[in-house]
Amino acid sequence: MRSYIIKRIIYSVIIAWGIMTITFILLRLGPTSPVDRYILNIAARGQDVESVRQSIEARYGLDKPIIEQYFIYMGNLLQGKWGWSFSTSQTVYDLIASHWIYSFQLILLATIFAIIFGVGLGMLAAVKQNTRIDYAASVFSFIGISIPGFWLGLMLIMVFAVYLGWFKTYYDTGYSIWSLENLKQLIMPVLALGIGELAGYLRYTRSAMLDNLRKDFVTTARAKGLPEKTVIGKHVLRNAVLPLVTIIMFDLGSIVFGGAYLTEIVFGIPGLGQVSFNAIFADDYAVVIAVTLIGTFLVLFINLATDLIYTYLDPRIRYD
Amino acid sequence: MTDIKQVCCGRPAVDKRLLHYYWERLSKNRMSIAGLGFIVFLSLVGIFGPIFIPDPQKTDFEIKNMPPIGFSIDESVYDIKTGEFTTTVILGRPDHPLGTDSKGRDMLAMLISGARISLLVGLLATGIAIFLGTFIGVLSAYSGGWVDNALMRFTDIMMTFPFFLLLVMIVFIFGPSLAIIVLVIGLTGWTGAARLIRSETLSIRTRDFITASRALGASDARIMFNHLIPNVSSLVIVMATLSIPGVIMAEAALSFIGLGDPMSTSWGTVLNTGQHSLDTAWWVAVEPGIALFFTVLSFNFFGDGLRDAFDPKASI
């Protein structure tokens with residue numbers, strides 16, 4: 001078991017290195033350079049562009065060959081130095097430290113919302129198979145899967161913020177993260193981000209419950225005279241939601257830089273998605289690589305955690 | 001000898017009876033047929049529509065923010081001489097049935113142009129991704145050894161890459177054009193298909209008919225293209241259908257955040273415009289979203305129906 005974990009960790013580091021390298025090459029070989037934004041300002045003031053460019057490039061080590069820059073960057077990264085953000089004039093570490101919480105709260109709340117309602121409605125639909133509730137749940141899940149999250153976000157803003165005025169049209173960072181106002185203004189983003197996942201979990205839970213309801217152990221449990229509540233809640237549900245762990249973990253990885261990214265942009269939430277989006281446009285490669293790496297490590301960690309959770313949830317699974 | 005060759009190694013002819021059987025199974029699923037119907041309708045609109053409509057990018061500020069037919073909005077104009085507001089009711093006009101946006105561009109024309117872009121990007125990018133995925137999956141499973149190892153580790157890296165961040169990065173660096181968007185989505189979206197097809201191929205290659213054709217002296221390429229790929233084709237078709245919606249949404253999302261091709265009008269671009277006029281012209285944000293939603297829904301319904309039709313275990 002321990003050697004399995006060590007192997008997986010080494011393997012994760014190699015993948016992260018590959019991703020770091022690809023990102024570095026893509027960003028530094030592009031036609032634009034982080035110096036451009038300085039140059040623009042300076043050219044506007046009529047100073048000598050070429051000498052200023054050279055001095056800035058020398059200051060940040062951008063005049064060295066790209067290979068050397070790559071090794072310097074990697075060396076710094078290994079020492080825990082994430083570099084300097086050109087566009088926001090602070091260290092990348094500070095930038096991320098002050099913004100990660102906005103992404104985290106959004107993703108956490110959306111995932112909890114999706115799991116609770118997805119599994120709950122899926123259970124209900126399975127137990128009431130072929131009734132109106134079941135049909136309604138199935139229509140709802142198809143709508144949820146097909147609706148683009150960022151458009152749903154726009155529609156929510158339009159109806160509930162612009163026309164009804166129940167919410168603000170933008171995310172207000174003035175509130176403390178732990179305040180009730182902050183929770184209230186997260187309702188729309190969480191809905192926009194969570195509906196798609198919710199619909200997926202609903203569909204999955206329903207079909208898995210129906211599969212398990214037909215199995216022999218359920219008949220046995222019923223024959224023993226167990227109340228229906230225990231049969232469904234203990235025997236069927238537990239077996240049905242086990243594979244859901246993989247799906248939830250996989251979704252977590254994909255919403256970190258898919259859905260959450262767009263949701264942050266639509267609602268103006270200053271999370272890591274928004275930060276990396278601005279950084280790409282400003283050629284701030286240190287920030288982009290840092291955010292990409294954080295996302296990568298998160299996904300790799302989630303994958304490892306999923307595998308380990310399984311050995312606990314299902315004792316039949318062993319990694320040797 | 002020739003008989004055996006024809007039986008075992010000829011290119012499998014398209015079996016009409018089998019096609020008929022699949023169609024029977026598919027047509028029992030009404031939602032799936034409705035989805036197919038909408039896809040056909042959208043394709044016709046995408047192919048022929050742009051011939052009949054005016055230039056979707058033509059602006060006319062005289063007729064900006066016109067509501068769709070059957071709707072009306074109140075517009076307040078501040079008169080600088082009298083210092084008073086005069087309110088006029090603006091009604092939808094039949095020459096702009098779906099209204100106009102804040103620059104006076106016709107919504108119907110933009111939606112029709114968007115249908116073409118969405119389908120074009122969806123089909124081309126999915127085509128590239130599925131082709132690559134099938135090729136890499138089959139090659140990986142069939143070769144085994146270090147080729148398999150190298151290809152799968154590369155797949156792992158691509159899979160772990162924050163997908164949308166990569167899209168934004170590449171499109172920003174190489175400039176937003178339709179060709180770049182199609183290429184990028186196609187070249188990054190093959191990983192899921194590659195893995196699935198690899199595992200399917202691994203199970204097929206141990207079957208007796210592969211051993212038999214190898215015993216008859218078939219080359220690796222022949223086994224791969226004539227036996228392995230046709231046998232995973234139903235899986236490939238289902239995967240392709242179900243991955244089109246994701247591609248269409250990715251394209252719309254890219255255009256929505258301002259990285260769409262400026263020379264063409266896609267639903268995402270219109271949504272971007274609509275985002276800024278939610279309070280004055282709601283239809284600009286609503287209409288392309290509905291088009292996007294029904295397109296994605298149709299592909300999902302159709303793909304689901306296909307999967308059940310191809311699955312011998314599914315009861316229909």
# chains A, B, ... in the order shown; residues from 1 in each chain; ligands from 1
>>> closest_atom_pairs(of="chain A", to="chain B", cutoff="6 Å", atoms="only C-alpha atoms", output="Markdown table")
| residue | atom | partner | partner_atom | distance |
| --- | --- | --- | --- | --- |
| A:Ile15 | CA | B:Ile157 | CA | 5.5 |
| A:Gly30 | CA | B:Ile173 | CA | 5.5 |
| A:Ser146 | CA | B:Leu297 | CA | 5.1 |
| A:Ile147 | CA | B:Phe293 | CA | 5.3 |
| A:Met158 | CA | B:Leu278 | CA | 5.9 |
| A:Phe257 | CA | B:Pro162 | CA | 5.6 |
| A:Gly258 | CA | B:Phe164 | CA | 5.5 |
>>> residues_around(residues="stretch 286-299 of chain A", least_positions_apart="4", cutoff="9 Å", atoms="only C-alpha atoms", output="PyMOL selection string")
(chain A and resi 12-13+15-17+19-20+23-24+27+73+82-86+92-93+95-96+249-250+252-254+256-257+272-273+275-277+279-280+303-304) or (chain B and resi 160-162+165-166+169)
>>> residues_around(residues="B:Lys103", least_positions_apart="2", cutoff="6 Å", atoms="only C-alpha atoms", output="PyMOL selection string")
chain B and resi 59+61+64+101+105
>>> residues_around(residues="stretch 306-319 of chain A", least_positions_apart="3", cutoff="10 Å", atoms="only C-alpha atoms", output="mmCIF file with N, CA and C atoms, in the first residue's frame")
data_model
loop_
_atom_site.group_PDB
_atom_site.id
_atom_site.type_symbol
_atom_site.label_atom_id
_atom_site.label_comp_id
_atom_site.auth_asym_id
_atom_site.auth_seq_id
_atom_site.Cartn_x
_atom_site.Cartn_y
_atom_site.Cartn_z
ATOM 1 N N MET A 1 0.821 -1.207 0.000
ATOM 2 C CA MET A 1 0.000 0.000 0.000
ATOM 3 C C MET A 1 0.858 1.260 0.000
ATOM 4 N N ARG A 2 1.876 1.278 0.891
ATOM 5 C CA ARG A 2 2.699 2.489 0.960
ATOM 6 C C ARG A 2 3.477 2.673 -0.337
ATOM 7 N N SER A 3 4.011 1.569 -0.874
ATOM 8 C CA SER A 3 4.788 1.700 -2.115
ATOM 9 C C SER A 3 3.865 2.161 -3.248
ATOM 10 N N TYR A 4 2.600 1.761 -3.189
ATOM 11 C CA TYR A 4 1.642 2.200 -4.203
ATOM 12 C C TYR A 4 1.471 3.714 -4.142
ATOM 13 N N ILE A 5 1.322 4.233 -2.897
ATOM 14 C CA ILE A 5 1.126 5.679 -2.756
ATOM 15 C C ILE A 5 2.359 6.433 -3.226
ATOM 16 N N ARG A 238 -26.513 2.441 -0.362
ATOM 17 C CA ARG A 238 -25.074 2.320 -0.125
ATOM 18 C C ARG A 238 -24.356 1.680 -1.291
ATOM 19 N N ASN A 239 -24.973 0.654 -1.863
ATOM 20 C CA ASN A 239 -24.329 0.013 -3.006
ATOM 21 C C ASN A 239 -24.395 0.880 -4.254
ATOM 22 N N LEU A 242 -21.791 4.091 -4.347
ATOM 23 C CA LEU A 242 -20.347 3.865 -4.261
ATOM 24 C C LEU A 242 -19.590 4.364 -5.495
ATOM 25 N N PRO A 243 -20.003 3.949 -6.713
ATOM 26 C CA PRO A 243 -19.281 4.452 -7.888
ATOM 27 C C PRO A 243 -19.460 5.953 -8.092
ATOM 28 N N VAL A 245 -18.722 8.164 -6.104
ATOM 29 C CA VAL A 245 -17.530 8.831 -5.573
ATOM 30 C C VAL A 245 -16.580 9.201 -6.707
ATOM 31 N N THR A 246 -16.360 8.266 -7.635
ATOM 32 C CA THR A 246 -15.475 8.554 -8.765
ATOM 33 C C THR A 246 -16.003 9.716 -9.588
ATOM 34 N N ILE A 247 -17.320 9.667 -9.861
ATOM 35 C CA ILE A 247 -17.910 10.694 -10.708
ATOM 36 C C ILE A 247 -17.790 12.067 -10.043
ATOM 37 N N ILE A 248 -18.085 12.112 -8.736
ATOM 38 C CA ILE A 248 -18.010 13.390 -8.027
ATOM 39 C C ILE A 248 -16.580 13.921 -8.043
ATOM 40 N N MET A 249 -15.628 13.041 -7.775
ATOM 41 C CA MET A 249 -14.233 13.468 -7.766
ATOM 42 C C MET A 249 -13.795 13.958 -9.140
ATOM 43 N N PHE A 250 -14.225 13.223 -10.157
ATOM 44 C CA PHE A 250 -13.863 13.615 -11.518
ATOM 45 C C PHE A 250 -14.456 14.992 -11.852
ATOM 46 N N LEU A 300 -4.702 15.795 -9.540
ATOM 47 C CA LEU A 300 -3.914 14.597 -9.234
ATOM 48 C C LEU A 300 -4.183 14.123 -7.811
ATOM 49 N N PHE A 301 -4.269 15.089 -6.888
ATOM 50 C CA PHE A 301 -4.536 14.744 -5.502
ATOM 51 C C PHE A 301 -5.922 14.116 -5.367
ATOM 52 N N ILE A 302 -6.883 14.720 -6.077
ATOM 53 C CA ILE A 302 -8.255 14.187 -6.031
ATOM 54 C C ILE A 302 -8.279 12.750 -6.553
ATOM 55 N N ASN A 303 -7.548 12.503 -7.654
ATOM 56 C CA ASN A 303 -7.507 11.145 -8.207
ATOM 57 C C ASN A 303 -6.957 10.155 -7.196
#
>>> atom_distance(atom1="atom CA of A:Phe140", atom2="atom CA of A:Met123")
14.3 Å
>>> select_by_dssp(residues="stretch 30-205 of chain A", states="helix (DSSP H, G or I)", output="CSV table (one decimal) with C-alpha atoms, in the first residue's frame")
chain,number,residue,atom,x,y,z
A,36,ASP,CA,5.0,44.8,-23.9
A,37,ARG,CA,2.7,46.4,-21.3
A,38,TYR,CA,5.6,48.4,-19.9
A,39,ILE,CA,6.7,49.4,-23.4
A,40,LEU,CA,3.2,50.6,-24.3
A,41,ASN,CA,3.1,53.0,-21.4
A,42,ILE,CA,6.7,54.2,-22.1
A,43,ALA,CA,6.1,54.7,-25.8
A,44,ALA,CA,3.1,56.8,-25.0
A,49,VAL,CA,11.7,52.2,-26.2
A,50,GLU,CA,14.6,50.1,-27.0
A,51,SER,CA,16.8,51.0,-24.0
A,52,VAL,CA,13.9,50.7,-21.6
A,53,ARG,CA,13.0,47.3,-23.1
A,54,GLN,CA,16.6,46.2,-22.5
A,55,SER,CA,16.7,47.4,-19.0
A,56,ILE,CA,13.4,45.7,-18.1
A,57,GLU,CA,14.4,42.5,-19.7
A,58,ALA,CA,17.7,42.5,-17.8
A,59,ARG,CA,15.9,43.2,-14.6
A,66,ILE,CA,14.7,30.7,-23.2
A,67,ILE,CA,16.3,27.4,-22.1
A,68,GLU,CA,18.1,29.2,-19.3
A,69,GLN,CA,15.0,31.1,-18.3
A,70,TYR,CA,13.2,27.7,-18.1
A,71,PHE,CA,15.8,26.2,-15.8
A,72,ILE,CA,15.9,29.4,-13.6
A,73,TYR,CA,12.1,29.3,-13.4
A,74,MET,CA,12.1,25.6,-12.5
A,75,GLY,CA,14.8,26.1,-9.9
A,76,ASN,CA,12.8,28.9,-8.2
A,77,LEU,CA,9.7,26.8,-8.3
A,78,LEU,CA,11.5,23.9,-6.5
A,92,VAL,CA,2.4,35.3,-7.4
A,93,TYR,CA,2.2,33.8,-3.9
A,94,ASP,CA,0.5,36.8,-2.5
A,95,LEU,CA,-1.9,37.1,-5.5
A,96,ILE,CA,-3.0,33.5,-5.1
A,97,ALA,CA,-3.2,33.6,-1.3
A,98,SER,CA,-5.6,36.5,-1.5
A,99,HIS,CA,-7.9,35.0,-4.2
A,100,TRP,CA,-8.1,31.3,-3.8
A,101,ILE,CA,-10.8,31.5,-1.2
A,102,TYR,CA,-13.3,32.9,-3.7
A,103,SER,CA,-12.9,29.9,-6.0
A,104,PHE,CA,-12.9,27.5,-3.1
A,105,GLN,CA,-16.1,28.7,-1.5
A,106,LEU,CA,-17.9,28.6,-4.9
A,107,ILE,CA,-16.8,25.1,-5.8
A,108,LEU,CA,-17.4,23.7,-2.3
A,109,LEU,CA,-20.9,25.1,-2.1
A,110,ALA,CA,-21.8,24.1,-5.6
A,111,THR,CA,-20.6,20.5,-5.1
A,112,ILE,CA,-22.4,20.1,-1.8
A,113,PHE,CA,-25.6,21.5,-3.4
A,114,ALA,CA,-25.3,19.2,-6.4
A,115,ILE,CA,-24.6,16.1,-4.2
A,116,ILE,CA,-27.5,16.7,-1.8
A,117,PHE,CA,-30.1,17.5,-4.4
A,118,GLY,CA,-28.8,15.2,-7.1
A,119,VAL,CA,-28.6,12.1,-4.9
A,120,GLY,CA,-31.9,13.0,-3.1
A,121,LEU,CA,-33.9,13.5,-6.3
A,122,GLY,CA,-32.3,10.5,-7.9
A,123,MET,CA,-33.4,8.3,-5.0
A,124,LEU,CA,-36.9,9.7,-5.1
A,125,ALA,CA,-37.2,9.1,-8.9
A,126,ALA,CA,-36.0,5.5,-8.5
A,127,VAL,CA,-38.3,4.7,-5.6
A,132,ARG,CA,-45.1,11.6,-12.6
A,133,ILE,CA,-42.3,12.5,-10.1
A,134,ASP,CA,-40.0,10.1,-12.0
A,135,TYR,CA,-40.8,11.7,-15.4
A,136,ALA,CA,-40.4,15.2,-14.0
A,137,ALA,CA,-37.0,14.3,-12.6
A,138,SER,CA,-35.9,12.8,-15.8
A,139,VAL,CA,-37.0,15.9,-17.9
A,140,PHE,CA,-35.3,18.1,-15.3
A,141,SER,CA,-32.0,16.1,-15.5
A,142,PHE,CA,-31.9,16.3,-19.3
A,143,ILE,CA,-32.5,20.1,-19.1
A,144,GLY,CA,-29.8,20.4,-16.4
A,145,ILE,CA,-27.2,18.5,-18.5
A,146,SER,CA,-27.9,20.5,-21.6
A,149,GLY,CA,-23.9,27.0,-17.1
A,150,PHE,CA,-22.7,30.5,-18.1
A,151,TRP,CA,-25.9,31.2,-20.0
A,152,LEU,CA,-28.0,30.0,-17.0
A,153,GLY,CA,-25.9,32.5,-14.9
A,154,LEU,CA,-26.7,35.3,-17.3
A,155,MET,CA,-30.4,34.4,-17.1
A,156,LEU,CA,-30.4,34.3,-13.3
A,157,ILE,CA,-28.7,37.7,-13.2
A,158,MET,CA,-31.3,39.1,-15.6
A,159,VAL,CA,-34.4,37.8,-13.9
A,160,PHE,CA,-33.4,38.0,-10.2
A,161,ALA,CA,-31.0,40.8,-10.2
A,162,VAL,CA,-32.0,43.2,-13.0
A,163,TYR,CA,-35.7,42.7,-13.1
A,180,LEU,CA,-24.6,35.9,5.6
A,181,GLU,CA,-24.6,38.6,2.8
A,182,ASN,CA,-21.8,36.7,1.1
A,183,LEU,CA,-23.7,33.5,1.4
A,184,LYS,CA,-26.7,35.2,-0.1
A,185,GLN,CA,-24.8,36.6,-3.1
A,187,ILE,CA,-26.9,31.6,-4.3
A,188,MET,CA,-27.0,32.5,-8.1
A,189,PRO,CA,-23.4,31.4,-8.9
A,190,VAL,CA,-23.8,28.2,-7.0
A,191,LEU,CA,-27.1,27.5,-8.9
A,192,ALA,CA,-25.4,28.3,-12.2
A,193,LEU,CA,-22.4,26.1,-11.5
A,194,GLY,CA,-24.2,23.3,-9.7
A,195,ILE,CA,-27.2,22.5,-11.9
A,196,GLY,CA,-25.2,20.6,-14.4
A,197,GLU,CA,-23.5,18.4,-11.8
A,198,LEU,CA,-26.8,18.0,-10.0
A,199,ALA,CA,-28.5,16.7,-13.1
A,200,GLY,CA,-25.6,14.2,-13.7
A,201,TYR,CA,-25.8,12.8,-10.2
A,202,LEU,CA,-29.6,12.6,-10.4
A,203,ARG,CA,-29.4,10.5,-13.5
A,204,TYR,CA,-26.6,8.3,-12.2
A,205,THR,CA,-28.3,7.7,-8.8
